[in-house]
Every structure is written in C-alpha cells, then in structure tokens.
>>> print(open('my_file-v5.csv').read())   # CSV, C-alpha atoms
chain,number,residue,atom,x,y,z
A,1128,MET,CA,0.0,0.0,0.0
A,1129,PRO,CA,1.6,3.4,-1.0
A,1130,ALA,CA,2.4,5.9,1.7
A,1131,GLN,CA,0.0,8.7,2.3
A,1132,GLU,CA,0.6,12.3,1.2
A,1133,VAL,CA,2.8,14.2,3.6
A,1134,GLU,CA,0.0,16.7,4.4
A,1135,LEU,CA,-2.1,13.7,5.6
A,1136,ILE,CA,0.8,12.3,7.5
A,1137,LEU,CA,1.4,15.6,9.3
A,1138,THR,CA,-2.3,16.0,10.0
A,1139,ARG,CA,-2.4,12.5,11.5
A,1140,GLN,CA,0.6,13.3,13.6
A,1141,LEU,CA,-1.1,16.4,14.9
A,1142,ALA,CA,-4.3,14.5,15.6
A,1143,ASN,CA,-2.3,11.9,17.6
A,1144,TYR,CA,-1.4,14.7,20.1
A,1145,LEU,CA,-4.8,16.3,20.4
A,1146,ASN,CA,-7.2,15.4,23.2
A,1147,MET,CA,-10.2,16.2,21.0
A,1148,PRO,CA,-11.7,13.6,18.7
A,1149,VAL,CA,-10.4,13.9,15.1
A,1150,PHE,CA,-11.2,11.9,12.0
A,1151,ILE,CA,-9.1,12.0,8.9
A,1152,VAL,CA,-10.9,11.1,5.7
A,1153,GLY,CA,-9.3,10.4,2.3
A,1154,PRO,CA,-10.4,12.1,-1.0
A,1155,ASN,CA,-12.9,9.3,-1.7
A,1156,GLY,CA,-14.5,9.5,1.7
A,1157,ASP,CA,-12.6,6.5,3.3
A,1158,LEU,CA,-11.9,6.9,6.9
A,1159,LEU,CA,-8.1,6.8,7.1
A,1160,PHE,CA,-7.5,7.5,10.7
A,1161,TYR,CA,-9.0,8.6,14.0
A,1162,ASN,CA,-7.2,9.5,17.2
A,1163,GLU,CA,-7.5,8.1,20.6
A,1164,ALA,CA,-10.1,10.7,21.7
A,1165,ALA,CA,-12.2,9.8,18.7
A,1166,GLY,CA,-11.9,6.1,19.6
A,1167,GLU,CA,-14.0,6.8,22.7
A,1168,LEU,CA,-16.7,8.3,20.6
A,1169,VAL,CA,-16.5,5.6,18.0
A,1170,GLY,CA,-16.6,2.9,20.6
A,1171,ARG,CA,-13.5,1.1,19.4
A,1172,PRO,CA,-9.8,2.3,19.2
A,1173,TYR,CA,-8.4,2.9,15.7
A,1174,ASP,CA,-5.8,0.2,16.3
A,1175,GLU,CA,-8.6,-2.4,16.4
A,1176,ALA,CA,-10.9,-0.9,13.8
A,1177,GLY,CA,-8.3,0.2,11.2
A,1178,GLN,CA,-9.2,2.0,8.1
A,1179,LEU,CA,-12.7,1.8,6.8
A,1180,SER,CA,-14.0,2.3,3.3
A,1181,LEU,CA,-16.9,4.6,2.5
A,1182,SER,CA,-19.3,1.8,2.3
A,1183,GLN,CA,-18.1,0.3,5.6
A,1184,LEU,CA,-18.5,3.7,7.2
A,1185,GLU,CA,-22.1,4.1,6.0
A,1186,THR,CA,-23.1,0.7,7.4
A,1187,THR,CA,-21.1,0.9,10.6
A,1188,PHE,CA,-22.2,4.3,11.8
A,1189,GLN,CA,-26.0,4.9,11.7
A,1190,THR,CA,-26.2,8.7,11.5
A,1191,MET,CA,-29.4,10.6,12.2
A,1192,ASN,CA,-30.6,14.1,12.7
A,1193,GLU,CA,-30.8,15.3,16.2
A,1194,ASP,CA,-34.5,14.4,16.4
A,1195,GLY,CA,-33.7,10.8,15.2
A,1196,SER,CA,-34.9,11.3,11.6
A,1197,PRO,CA,-32.7,9.9,8.8
A,1198,LEU,CA,-29.8,12.0,7.7
A,1199,GLY,CA,-28.8,11.9,4.1
A,1200,GLU,CA,-25.1,11.2,3.3
A,1201,ASN,CA,-24.9,14.5,1.4
A,1202,ASP,CA,-25.9,16.4,4.6
A,1203,LEU,CA,-23.0,15.0,6.6
A,1204,PRO,CA,-20.4,17.7,7.4
A,1205,VAL,CA,-17.6,15.6,6.1
A,1206,THR,CA,-19.4,14.9,2.8
A,1207,ILE,CA,-20.0,18.7,2.4
A,1208,ALA,CA,-16.3,19.4,3.1
A,1209,LEU,CA,-15.2,16.7,0.6
A,1210,ARG,CA,-17.6,17.3,-2.2
A,1211,GLN,CA,-18.3,21.1,-1.9
A,1212,GLY,CA,-14.8,22.1,-0.6
A,1213,ARG,CA,-16.2,24.2,2.3
A,1214,PRO,CA,-16.4,23.8,6.1
A,1215,ALA,CA,-19.6,22.5,7.6
A,1216,HIS,CA,-20.9,22.1,11.1
A,1217,ARG,CA,-23.9,20.0,12.3
A,1218,ARG,CA,-25.3,18.3,15.4
A,1219,ILE,CA,-26.0,14.7,14.7
A,1220,ARG,CA,-27.0,11.5,16.4
A,1221,TYR,CA,-25.2,8.3,15.6
A,1222,ARG,CA,-24.7,4.7,16.8
A,1223,GLY,CA,-21.0,3.5,17.1
A,1224,PHE,CA,-19.3,0.2,17.3
A,1225,ASP,CA,-20.4,-0.3,20.8
A,1226,GLY,CA,-24.1,0.1,19.9
A,1227,ALA,CA,-24.6,3.2,22.0
A,1228,ASP,CA,-26.4,6.2,20.7
A,1229,ARG,CA,-24.6,9.5,21.0
A,1230,LEU,CA,-25.4,13.1,20.2
A,1231,ILE,CA,-22.4,15.0,18.9
A,1232,GLU,CA,-21.5,18.1,17.1
A,1233,VAL,CA,-19.2,17.8,14.1
A,1234,THR,CA,-17.1,20.4,12.3
A,1235,ALA,CA,-15.5,19.3,9.1
A,1236,PHE,CA,-13.2,21.1,6.7
A,1237,PRO,CA,-11.5,20.2,3.4
A,1238,LEU,CA,-7.8,19.3,3.4
A,1239,ASP,CA,-6.3,20.9,0.3
A,1240,GLY,CA,-2.7,20.3,-0.5
A,1241,HIS,CA,-0.1,21.6,-2.9
A,1242,ALA,CA,-1.1,22.2,-6.5
A,1243,GLY,CA,-4.8,22.3,-5.6
A,1244,ARG,CA,-5.0,18.6,-4.7
A,1245,ARG,CA,-8.1,17.7,-2.6
A,1246,LEU,CA,-6.4,15.3,-0.2
A,1247,GLY,CA,-9.4,14.6,2.0
A,1248,ALA,CA,-11.1,16.2,4.9
A,1249,VAL,CA,-10.8,16.5,8.7
A,1250,ALA,CA,-13.7,16.2,11.0
A,1251,ILE,CA,-13.6,17.3,14.7
A,1252,PHE,CA,-16.2,16.1,17.1
A,1253,TRP,CA,-17.6,17.3,20.3
A,1254,GLU,CA,-19.9,15.2,22.4
A,1255,SER,CA,-23.0,17.2,23.0
A,1256,GLU,CA,-24.0,17.9,26.6
A,1257,GLN,CA,-27.7,17.4,25.5
A,1258,GLN,CA,-28.2,13.7,25.0
B,737,MET,CA,24.4,6.3,-13.3
B,738,LYS,CA,27.3,7.9,-11.5
B,739,ILE,CA,26.7,9.9,-8.3
B,740,THR,CA,29.3,12.3,-6.8
B,741,LEU,CA,28.9,14.0,-3.5
B,742,TRP,CA,30.1,17.6,-3.7
B,743,GLY,CA,28.7,18.7,-0.3
B,744,THR,CA,27.4,16.6,2.5
B,745,ARG,CA,27.3,19.1,5.4
B,746,GLY,CA,23.9,20.3,6.7
B,747,SER,CA,22.7,23.7,7.8
B,748,LEU,CA,26.0,25.7,7.5
B,749,ALA,CA,29.2,25.4,5.6
B,750,SER,CA,31.8,24.2,8.1
B,751,PRO,CA,35.3,24.1,6.8
B,752,GLY,CA,38.1,23.3,9.2
B,753,PRO,CA,40.8,20.8,9.9
B,754,GLU,CA,38.4,18.7,12.0
B,755,ASN,CA,36.1,18.2,9.0
B,756,LEU,CA,38.5,17.4,6.1
B,757,ARG,CA,37.2,14.0,5.2
B,758,TYR,CA,33.4,14.5,5.5
B,759,GLY,CA,33.9,18.1,4.2
B,760,GLY,CA,32.4,21.4,5.0
B,761,ASN,CA,30.4,22.2,1.9
B,762,THR,CA,26.6,22.1,2.1
B,763,SER,CA,24.2,19.9,0.1
B,764,CYS,CA,25.1,19.2,-3.5
B,765,VAL,CA,25.1,16.0,-5.4
B,766,GLU,CA,25.9,15.3,-9.1
B,767,VAL,CA,24.1,12.6,-11.0
B,768,ARG,CA,25.3,11.6,-14.4
B,769,GLY,CA,23.2,9.4,-16.6
B,770,SER,CA,24.8,6.9,-18.8
B,771,ASP,CA,23.9,9.1,-21.8
B,772,GLY,CA,25.7,12.0,-20.2
B,773,THR,CA,22.6,13.7,-18.7
B,774,LEU,CA,23.8,16.0,-15.9
B,775,LEU,CA,21.6,16.6,-12.9
B,776,VAL,CA,22.6,18.6,-9.9
B,777,LEU,CA,20.8,17.9,-6.7
B,778,ASP,CA,20.6,21.0,-4.6
B,779,ALA,CA,22.8,24.1,-4.8
B,780,GLY,CA,24.6,24.3,-1.5
B,781,THR,CA,28.1,25.5,-1.3
B,782,GLY,CA,29.4,22.3,-2.8
B,783,ILE,CA,28.0,23.4,-6.2
B,784,ARG,CA,30.9,25.8,-6.7
B,785,ARG,CA,33.5,23.1,-7.2
B,786,LEU,CA,31.0,21.0,-9.2
B,787,GLY,CA,30.6,24.0,-11.5
B,788,ASP,CA,34.3,24.1,-12.2
B,789,SER,CA,34.2,20.4,-13.3
B,790,VAL,CA,31.4,20.8,-15.9
B,791,GLU,CA,33.1,20.3,-19.3
B,792,ALA,CA,32.9,22.9,-22.0
B,793,GLY,CA,31.0,20.5,-24.2
B,794,VAL,CA,28.1,20.1,-21.9
B,795,LYS,CA,25.0,21.5,-23.5
B,796,ARG,CA,22.4,21.2,-20.7
B,797,VAL,CA,22.4,21.2,-16.9
B,798,ASP,CA,19.4,20.6,-14.8
B,799,ILE,CA,19.4,21.7,-11.1
B,800,LEU,CA,16.9,20.0,-8.9
B,801,LEU,CA,16.3,21.8,-5.6
B,802,THR,CA,14.7,20.0,-2.7
B,803,HIS,CA,13.7,23.2,-1.0
B,804,LEU,CA,14.9,26.8,-0.6
B,805,HIS,CA,16.5,26.8,2.8
B,806,LEU,CA,19.7,28.7,2.5
B,807,ASP,CA,22.1,25.8,2.8
B,808,HIS,CA,20.5,24.3,-0.3
B,809,ILE,CA,20.7,27.4,-2.5
B,810,GLN,CA,23.5,29.5,-1.2
B,811,GLY,CA,26.0,28.2,-3.8
B,812,LEU,CA,23.7,28.8,-6.8
B,813,GLY,CA,25.1,32.2,-7.7
B,814,PHE,CA,28.6,30.8,-7.7
B,815,PHE,CA,27.8,28.0,-10.2
B,816,GLN,CA,29.9,29.1,-13.1
B,817,PRO,CA,27.9,27.3,-15.8
B,818,LEU,CA,25.1,29.8,-15.1
B,819,TYR,CA,27.4,32.5,-16.6
B,820,ARG,CA,28.0,30.5,-19.8
B,821,GLU,CA,26.0,32.0,-22.6
B,822,GLY,CA,24.4,29.4,-24.7
B,823,LEU,CA,24.3,26.7,-22.0
B,824,GLU,CA,20.8,25.4,-21.4
B,825,VAL,CA,20.1,25.5,-17.7
B,826,HIS,CA,16.9,24.4,-16.0
B,827,ILE,CA,16.2,24.9,-12.3
B,828,TRP,CA,13.5,22.8,-10.8
B,829,GLY,CA,12.1,23.2,-7.3
B,830,PRO,CA,9.0,23.3,-5.2
B,831,PRO,CA,6.5,26.1,-5.3
B,832,SER,CA,4.9,27.2,-2.1
B,833,THR,CA,1.1,27.0,-1.9
B,834,LYS,CA,0.9,30.6,-3.2
B,835,LEU,CA,4.2,31.4,-4.9
B,836,ASP,CA,5.9,29.8,-7.9
B,837,LEU,CA,9.5,28.8,-7.8
B,838,ALA,CA,10.6,31.8,-9.8
B,839,THR,CA,9.1,34.2,-7.4
B,840,ARG,CA,10.5,32.4,-4.4
B,841,LEU,CA,14.0,32.0,-5.8
B,842,SER,CA,14.2,35.6,-6.9
B,843,ARG,CA,14.2,36.5,-3.2
B,844,TYR,CA,17.7,35.0,-3.1
B,845,PHE,CA,18.8,36.7,-6.4
B,846,SER,CA,17.8,40.1,-5.1
B,847,THR,CA,19.9,43.1,-4.5
B,848,GLN,CA,19.8,42.7,-0.8
B,849,LEU,CA,21.4,39.3,-0.9
B,850,PHE,CA,23.2,38.9,-4.2
B,851,PRO,CA,24.5,41.3,-6.9
B,852,VAL,CA,23.1,39.4,-9.9
B,853,ARG,CA,19.5,39.0,-10.7
B,854,VAL,CA,18.1,35.8,-12.3
B,855,GLY,CA,17.2,37.7,-15.5
B,856,ASP,CA,20.8,38.9,-15.8
B,857,LEU,CA,22.4,35.5,-15.8
B,858,PRO,CA,24.0,34.9,-19.2
B,859,SER,CA,22.6,31.3,-19.4
B,860,HIS,CA,19.1,32.6,-18.9
B,861,PRO,CA,18.0,29.6,-16.7
B,862,ILE,CA,14.5,28.3,-17.1
B,863,LEU,CA,12.7,27.9,-13.8
B,864,HIS,CA,10.2,25.2,-13.3
B,865,ASP,CA,7.8,24.3,-10.5
B,866,VAL,CA,8.5,20.6,-10.1
B,867,PRO,CA,5.7,18.5,-11.5
B,868,LEU,CA,4.2,16.0,-9.0
B,869,ALA,CA,3.9,13.4,-11.7
B,870,PRO,CA,7.0,11.5,-13.0
B,871,PHE,CA,9.0,13.4,-15.6
B,872,GLN,CA,12.0,12.7,-17.8
B,873,ILE,CA,15.3,14.5,-18.2
B,874,GLY,CA,17.4,12.9,-20.9
B,875,GLY,CA,17.5,9.2,-20.0
B,876,LEU,CA,16.6,9.7,-16.4
B,877,THR,CA,13.2,9.3,-14.9
B,878,ILE,CA,12.4,11.5,-12.0
B,879,VAL,CA,9.8,11.0,-9.3
B,880,THR,CA,9.3,13.6,-6.6
B,881,ASP,CA,7.1,14.0,-3.5
B,882,PHE,CA,6.8,16.3,-0.5
B,883,VAL,CA,8.4,15.0,2.7
B,884,CYS,CA,8.4,15.9,6.3
B,885,HIS,CA,10.6,19.1,6.7
B,886,PRO,CA,9.5,22.7,7.6
B,887,GLY,CA,8.3,24.5,4.5
B,888,PRO,CA,7.6,22.9,1.1
B,889,THR,CA,10.4,20.3,0.8
B,890,LEU,CA,10.8,17.6,-1.8
B,891,GLY,CA,12.6,14.3,-2.0
B,892,TYR,CA,13.7,12.9,-5.4
B,893,ARG,CA,13.9,9.4,-6.9
B,894,ILE,CA,15.9,9.2,-10.0
B,895,ALA,CA,15.9,6.0,-12.1
B,896,GLU,CA,17.7,4.7,-15.2
B,897,ASN,CA,17.5,1.3,-16.7
B,898,GLY,CA,16.2,-0.4,-13.6
B,899,THR,CA,18.5,1.2,-11.1
B,900,CYS,CA,17.6,4.2,-8.9
B,901,VAL,CA,18.9,6.6,-6.4
B,902,ALA,CA,16.7,8.3,-3.8
B,903,TYR,CA,17.7,11.7,-2.4
B,904,LEU,CA,16.1,12.9,0.9
B,905,PRO,CA,18.7,15.3,2.4
B,906,ASP,CA,16.4,17.0,4.8
B,907,HIS,CA,13.8,14.6,6.3
B,908,GLU,CA,12.3,13.9,9.7
B,909,PRO,CA,10.2,10.7,9.2
B,910,ALA,CA,9.9,10.3,13.0
B,911,LEU,CA,8.3,13.6,13.6
B,912,GLY,CA,5.3,13.1,15.9
B,913,ALA,CA,5.2,9.4,15.0
B,914,PRO,CA,5.4,7.6,18.3
B,915,ASP,CA,5.1,4.3,16.4
B,916,PHE,CA,8.0,5.1,14.1
B,917,PRO,CA,9.2,2.9,12.3
B,918,GLY,CA,6.1,0.9,12.7
B,919,ASP,CA,3.7,1.8,9.9
B,920,PRO,CA,5.0,2.1,6.3
B,921,GLN,CA,1.8,3.6,5.1
B,922,TRP,CA,2.2,6.6,7.4
B,923,THR,CA,5.9,7.1,6.9
B,924,SER,CA,7.0,10.2,5.0
B,925,GLY,CA,9.2,9.6,2.0
B,926,LEU,CA,9.0,5.8,2.0
B,927,ASP,CA,7.7,5.4,-1.6
B,928,LEU,CA,10.6,7.5,-2.9
B,929,ALA,CA,13.1,5.4,-1.1
B,930,ALA,CA,11.5,2.0,-1.6
B,931,GLU,CA,14.0,-0.6,-2.7
B,932,ALA,CA,16.4,2.1,-3.9
B,933,ASP,CA,19.9,0.9,-5.0
B,934,LEU,CA,21.2,4.0,-3.2
B,935,LEU,CA,19.5,6.2,-0.6
B,936,ILE,CA,21.2,9.5,0.3
B,937,HIS,CA,19.5,10.5,3.6
B,938,ASP,CA,19.6,13.1,6.3
B,939,ALA,CA,21.7,12.0,9.3
B,940,GLN,CA,22.0,15.3,11.2
B,941,TYR,CA,21.7,14.3,14.8
B,942,THR,CA,22.7,11.7,17.3
B,943,ASP,CA,20.0,10.0,19.2
B,944,ASP,CA,20.9,12.0,22.2
B,945,GLU,CA,20.7,15.3,20.3
B,946,TYR,CA,17.4,14.6,18.5
B,947,PRO,CA,15.0,15.2,21.4
B,948,GLY,CA,16.2,18.8,21.6
B,949,HIS,CA,15.6,19.3,17.9
B,950,ILE,CA,12.2,17.7,17.3
B,951,GLY,CA,10.4,19.5,14.5
B,952,TRP,CA,13.5,21.0,13.0
B,953,GLY,CA,13.1,18.6,10.1
B,954,HIS,CA,16.0,16.2,10.5
B,955,SER,CA,16.8,12.7,11.5
B,956,ALA,CA,18.7,10.9,14.2
B,957,PHE,CA,21.2,8.3,13.1
B,958,SER,CA,18.9,5.5,14.4
B,959,HIS,CA,16.0,6.9,12.4
B,960,VAL,CA,18.1,6.8,9.2
B,961,ILE,CA,18.9,3.2,9.8
B,962,ALA,CA,15.3,2.4,10.6
B,963,PHE,CA,14.1,4.2,7.5
B,964,GLY,CA,16.6,2.5,5.3
B,965,THR,CA,15.7,-0.8,6.7
B,966,MET,CA,12.0,-0.2,6.2
B,967,ALA,CA,12.6,0.9,2.6
B,968,ARG,CA,14.8,-2.2,1.9
B,969,VAL,CA,17.5,-0.1,0.2
B,970,ASN,CA,20.8,-1.7,-0.9
B,971,ARG,CA,23.1,1.1,0.1
B,972,LEU,CA,22.6,4.1,2.4
B,973,VAL,CA,24.7,7.2,2.4
B,974,THR,CA,24.7,9.5,5.4
B,975,PHE,CA,24.1,13.1,4.5
B,976,HIS,CA,23.4,16.6,5.9
B,977,HIS,CA,25.8,16.1,8.7
B,978,ASP,CA,25.6,18.6,11.6
B,979,PRO,CA,28.1,21.4,11.5
B,980,ALA,CA,29.3,20.5,15.0
B,981,HIS,CA,30.1,16.8,14.1
B,982,SER,CA,33.7,16.4,13.3
B,983,ASP,CA,35.2,13.6,11.2
B,984,ALA,CA,36.1,11.6,14.3
B,985,ALA,CA,32.6,12.0,15.8
B,986,LEU,CA,30.9,11.0,12.5
B,987,ASP,CA,33.1,7.9,12.2
B,988,ARG,CA,32.1,7.0,15.8
B,989,PHE,CA,28.4,7.5,15.1
B,990,ILE,CA,28.5,5.3,12.1
B,991,ASP,CA,30.5,2.6,13.8
B,992,GLU,CA,28.0,2.6,16.6
B,993,GLN,CA,25.2,2.0,14.1
B,994,ARG,CA,27.1,-0.8,12.5
B,995,LYS,CA,27.7,-2.5,15.9
B,996,THR,CA,24.1,-2.1,17.1
B,997,CYS,CA,22.8,-4.7,14.7
B,998,ARG,CA,23.5,-6.5,11.5
B,999,LEU,CA,22.5,-3.9,8.9
B,1000,PRO,CA,20.5,-5.1,5.9
B,1001,PHE,CA,22.3,-2.7,3.6
B,1002,GLU,CA,25.7,-1.2,3.1
B,1003,LEU,CA,26.2,1.9,5.2
B,1004,VAL,CA,28.3,4.4,3.4
B,1005,PRO,CA,29.8,7.4,5.2
B,1006,GLY,CA,28.8,10.5,3.1
B,1007,THR,CA,32.2,12.0,2.7
B,1008,GLU,CA,32.7,14.9,0.3
B,1009,GLY,CA,34.2,13.8,-3.0
B,1010,THR,CA,32.9,10.3,-2.9
B,1011,THR,CA,31.8,8.9,-6.2
B,1012,LEU,CA,29.3,5.9,-6.4
B,1013,GLN,CA,28.5,4.0,-9.5
B,1014,LEU,CA,25.1,2.3,-10.0
B,1015,ALA,CA,25.4,-0.5,-12.5
B,1016,THR,CA,22.6,-0.7,-15.1
>>> encode(input="my_file-v5.csv", output="structure tokens")
Amino acid sequence: MPAQEVELILTRQLANYLNMPVFIVGPNGDLLFYNEAAGELVGRPYDEAGQLSLSQLETTFQTMNEDGSPLGENDLPVTIALRQGRPAHRRIRYRGFDGADRLIEVTAFPLDGHAGRRLGAVAIFWESEQQ
Amino acid sequence: MKITLWGTRGSLASPGPENLRYGGNTSCVEVRGSDGTLLVLDAGTGIRRLGDSVEAGVKRVDILLTHLHLDHIQGLGFFQPLYREGLEVHIWGPPSTKLDLATRLSRYFSTQLFPVRVGDLPSHPILHDVPLAPFQIGGLTIVTDFVCHPGPTLGYRIAENGTCVAYLPDHEPALGAPDFPGDPQWTSGLDLAAEADLLIHDAQYTDDEYPGHIGWGHSAFSHVIAFGTMARVNRLVTFHHDPAHSDAALDRFIDEQRKTCRLPFELVPGTEGTTLQLAT
C-alpha cells in the first residue's frame, strides 16, 4: 500500500497529540485515521478498527438528525467538506461500534494540499451535553 | 548512473581541519546518466566546485532543488555554468502554496542578498515548478514527492534502466510518530526510497541530540537506519551532517550503528568527493 501524502501524515501526527476527537478522511471518503479521543466516541480504538472504506462507514455508523430522523449522506459535514470544498458544522446523532447512541457536534473542513490537490477532509467532534 | 557527493554538510558550511574527510560544503550531489545527462541535486556551497568540473562540451544542466533553505541554494550564484552564454540550464524546485519557484527563488537573487538577478544571468536559466507526476530529463526518470521538513520540501527518486537513487537530504520521518518505524503507510518519503539501490539521507543528529531538535526537520542516526531498513535499500549514504560533528565524531556514530545490529544494507559514510557507480 503506498504511503499517504505528507499533508495527511502531518495531520495525523497532529491528531495523535490532540485530546479532541479527530477523524481524517481520504479524498474518496474513506476513513483513514482517527485518534485516541475519537476512539472513545466511535466505541473502538483505531488500532482495532483500522481503516474503513466509505461503504463500511455508512453501514457501521448509523447517522441521524438530532431528532432521530434519517440524515442523508450529502448532509454530513464531512461529505460537504469533501464534495463542496467548504467547512460545515452540524449536530447529529449516531450509533457507534459499541451500539450506544450519542449526540455529537461535528465540524469538518476540506484538506487541500499543494497544486490544488483535494487530499481529503478533517472532522472534529464534540460530544454534545444534551443527550 | 554515476553519483558524486560535492557537499554533504547540513545547515551551515563548516570548513576546518576537523572536517577534512566529510567536508564542510553544504548539500550538492551530481548525478550523471549513462547518456551524459547531468543533474545537480541542490545548490549548497558544494555546487561551486562542481561547476568548475562541468566540461565545456556540456549543452544542458538541470538543477533540482529539494527546498529553498539557505544551505541548499547558497551556492547557486557561484555555479559558473550559469554564466555561460548558450548553455541550457533548467532549475526545478518546489513552489509554495501561493508562490511559484521563480518568485521564491528571486528573493535570493535580489539586490539585498546577491548582486546578480536571475534575469541577468547569461545562461538565462529556465525555472520550473517541479511536477508532481513522474517526468523525464534525458535518459533519467524523476519522481518527486513532498516530505516531512519545515516548508515545502521535496525528495527525489531518479531512475535509469532499472536502477535508482533516492535523495532525501532533509527529512524527519519520525516527527510526531510515536510508532516510528512501525507503519510504512504513514511514513513520509517511503515510496521515494522503496528498494532504492542507493539512498542518500539526512543524518544530522545523534539519538541524544534529537529530542532537543524535534520538529527541525532532520533525522537521528537510528531513524536513518530504521528508515533505510523499512525501505529495503541496498546502500545508504549518510548526509546533511551537523556542522558540529567532526570527522572523528561522525566515524564514531557510524561505527555505533554498524555495531548495534547487522544492517540489511551497506552503510556508506557520506564524505565529500565520494563517487558511487550504479550498475545498469
């Protein structure tokens, strides 16, 4: 498997040191990495889960609106960051690996590297105090 | 391919009796293709003597810059072939996210720092932002990629007829990677160096010095060994030696690495003037 672009490597290294949940998503939406803090939200550490493809992501995490109504893939902040190239923020409800429902806030932004390459997106999560 | 090391010192030119064998000149490596193609990797102070050796019959020179830190461009204005009218000179290097190479390099060739402007050089060098897709110069195929070092910094992989040399003079693959050298997919520069016949790599610090210089963009000796092992290279040349490391100290550091374990490659001390031949 080829090595990741250096911008992604550096982002992952930063995420490793942050005590706030961070996801790094590749240009096609695959989940490339999440940090230790995100592992608590996901319900499984990255070392156990590993990288997930877009289709695995969609089936693994059941995302909903705050009121429990279905949330379309195109409305997810990370999808907006990837496909529209702009930051996005939303409060969502989801079910992780451990089966627990959680209410979180998500901010996602695109990761653009040298020569205009869209390398992916970064999503930062906050567990909402309202559950 | 024939590779000659004209400057293997890092950060600052460091002439002196204690540095006679490894040399005091900063980064510069000559690569000659079997068809005579001449590449110059970086333009540290070592490029001055290289310039004197470029034969009158040479029609084209390509200078490939990894980045624009001063120790990699300081010799450029003293490269005599730049003053040869009619010689075709191409300078390749990384753009920043907002500025092209020509704009960035013109800061060096400005009246504050140097008396000659790029446009006044008799060879009228052509400046290129390095393409991120493989490209060809003569019979040599060049692959480049950004690597871990402050500011836009490239590594190069140059191949000819099935042999290749990888050049990563300023590189900190262990930066912020607590699992280094654990995960190839998340190791900067690994694709460039993979199974190279020759890897020329940053070896600035001892393991004791590295913790005080994290984030400066350089490697400790044990990192270089680990990186070369992970990349499965055949030969590894130490490069970008710290100005404070004398010949005696560098010999000792290299001996220590050789004694630590059975190395899976030939470890070559990067001494100035060394020529290495890659069989095709």
>>> closest_atom_pairs(input="my_file-v5.csv", of="chain B", to="chain A", cutoff="9 Å", atoms="only C-alpha atoms", output="tab-separated table")
residue	atom	partner	partner_atom	distance
B:Pro831	CA	A:His1241	CA	8.3
B:Ser832	CA	A:His1241	CA	7.5
B:Thr833	CA	A:His1241	CA	5.6
B:Leu868	CA	A:Ala1242	CA	8.5
B:Asp881	CA	A:Glu1132	CA	8.2
B:Phe882	CA	A:Val1133	CA	6.1
B:Val883	CA	A:Val1133	CA	5.7
B:Cys884	CA	A:Val1133	CA	6.4
B:Pro888	CA	A:His1241	CA	8.8
B:Leu911	CA	A:Gln1140	CA	7.7
B:Gly912	CA	A:Gln1140	CA	5.2
B:Ala913	CA	A:Gln1140	CA	6.2
B:Pro914	CA	A:Gln1140	CA	8.8
B:Pro920	CA	A:Ala1130	CA	6.5
B:Gln921	CA	A:Ala1130	CA	4.1
B:Trp922	CA	A:Ala1130	CA	5.7
B:Thr923	CA	A:Ala1130	CA	6.4
B:Ser924	CA	A:Val1133	CA	6.0
B:Gly925	CA	A:Ala1130	CA	7.7
B:Leu926	CA	A:Ala1130	CA	6.6
B:Asp927	CA	A:Ala1130	CA	6.3
>>> write_last_selection(input="my_file-v5.csv", atoms="C-alpha atoms", output="PDB file, in the frame of the given file")
ATOM      1  CA  PRO B 831       6.500  26.100  -5.300  1.00  0.00           C
ATOM      2  CA  SER B 832       4.900  27.200  -2.100  1.00  0.00           C
ATOM      3  CA  THR B 833       1.100  27.000  -1.900  1.00  0.00           C
ATOM      4  CA  LEU B 868       4.200  16.000  -9.000  1.00  0.00           C
ATOM      5  CA  ASP B 881       7.100  14.000  -3.500  1.00  0.00           C
ATOM      6  CA  PHE B 882       6.800  16.300  -0.500  1.00  0.00           C
ATOM      7  CA  VAL B 883       8.400  15.000   2.700  1.00  0.00           C
ATOM      8  CA  CYS B 884       8.400  15.900   6.300  1.00  0.00           C
ATOM      9  CA  PRO B 888       7.600  22.900   1.100  1.00  0.00           C
ATOM     10  CA  LEU B 911       8.300  13.600  13.600  1.00  0.00           C
ATOM     11  CA  GLY B 912       5.300  13.100  15.900  1.00  0.00           C
ATOM     12  CA  ALA B 913       5.200   9.400  15.000  1.00  0.00           C
ATOM     13  CA  PRO B 914       5.400   7.600  18.300  1.00  0.00           C
ATOM     14  CA  PRO B 920       5.000   2.100   6.300  1.00  0.00           C
ATOM     15  CA  GLN B 921       1.800   3.600   5.100  1.00  0.00           C
ATOM     16  CA  TRP B 922       2.200   6.600   7.400  1.00  0.00           C
ATOM     17  CA  THR B 923       5.900   7.100   6.900  1.00  0.00           C
ATOM     18  CA  SER B 924       7.000  10.200   5.000  1.00  0.00           C
ATOM     19  CA  GLY B 925       9.200   9.600   2.000  1.00  0.00           C
ATOM     20  CA  LEU B 926       9.000   5.800   2.000  1.00  0.00           C
ATOM     21  CA  ASP B 927       7.700   5.400  -1.600  1.00  0.00           C
TER      22      ASP B 927
END
>>> atom_distance(input="my_file-v5.csv", atom1="CA of Ala1250 (chain A)", atom2="CA of Asp915 (chain B)")
22.9 Å
>>> atom_distance(input="my_file-v5.csv", atom1="CA of Arg1217 (chain A)", atom2="CA of Gly1247 (chain A)")
18.6 Å
>>> atom_distance(input="my_file-v5.csv", atom1="CA of Ser958 (chain B)", atom2="CA of Tyr892 (chain B)")
21.8 Å
>>> residues_around(input="my_file-v5.csv", residues="region 987-999 of chain B", least_positions_apart="2", cutoff="10 Å", atoms="all atoms listed in the file", output="PyMOL selection string")
chain B and resi 758+939+941-943+957-958+960-962+964-965+974+981-985+1001-1005
>>> closest_residue(input="my_file-v5.csv", among="B:Gln1013, B:Thr744, B:Lys834, B:Leu890", to="Leu928 (chain B)", atoms="all atoms listed in the file")
B:Leu890
>>> residues_around(input="my_file-v5.csv", residues="Arg820 (chain B)", least_positions_apart="6", cutoff="9 Å", atoms="all atoms listed in the file", output="MDAnalysis selection string")
chainID B and resid 857:859
>>> decode(input="my_file-v5.csv", residues="region 815-827 of chain B", atoms="C-alpha atoms", output="short mmCIF file (atom, residue, chain, number, x, y, z; two decimals), in the first residue's frame")
data_model
loop_
_atom_site.label_atom_id
_atom_site.label_comp_id
_atom_site.auth_asym_id
_atom_site.auth_seq_id
_atom_site.Cartn_x
_atom_site.Cartn_y
_atom_site.Cartn_z
CA PHE B 815 27.78 27.96 -10.15
CA GLN B 816 29.92 29.11 -13.06
CA PRO B 817 27.91 27.34 -15.79
CA LEU B 818 25.12 29.83 -15.06
CA TYR B 819 27.38 32.47 -16.57
CA ARG B 820 27.97 30.52 -19.80
CA GLU B 821 26.04 32.04 -22.65
CA GLY B 822 24.35 29.38 -24.71
CA LEU B 823 24.31 26.71 -22.03
CA GLU B 824 20.80 25.42 -21.40
CA VAL B 825 20.13 25.50 -17.66
CA HIS B 826 16.91 24.38 -16.04
CA ILE B 827 16.22 24.90 -12.35
#
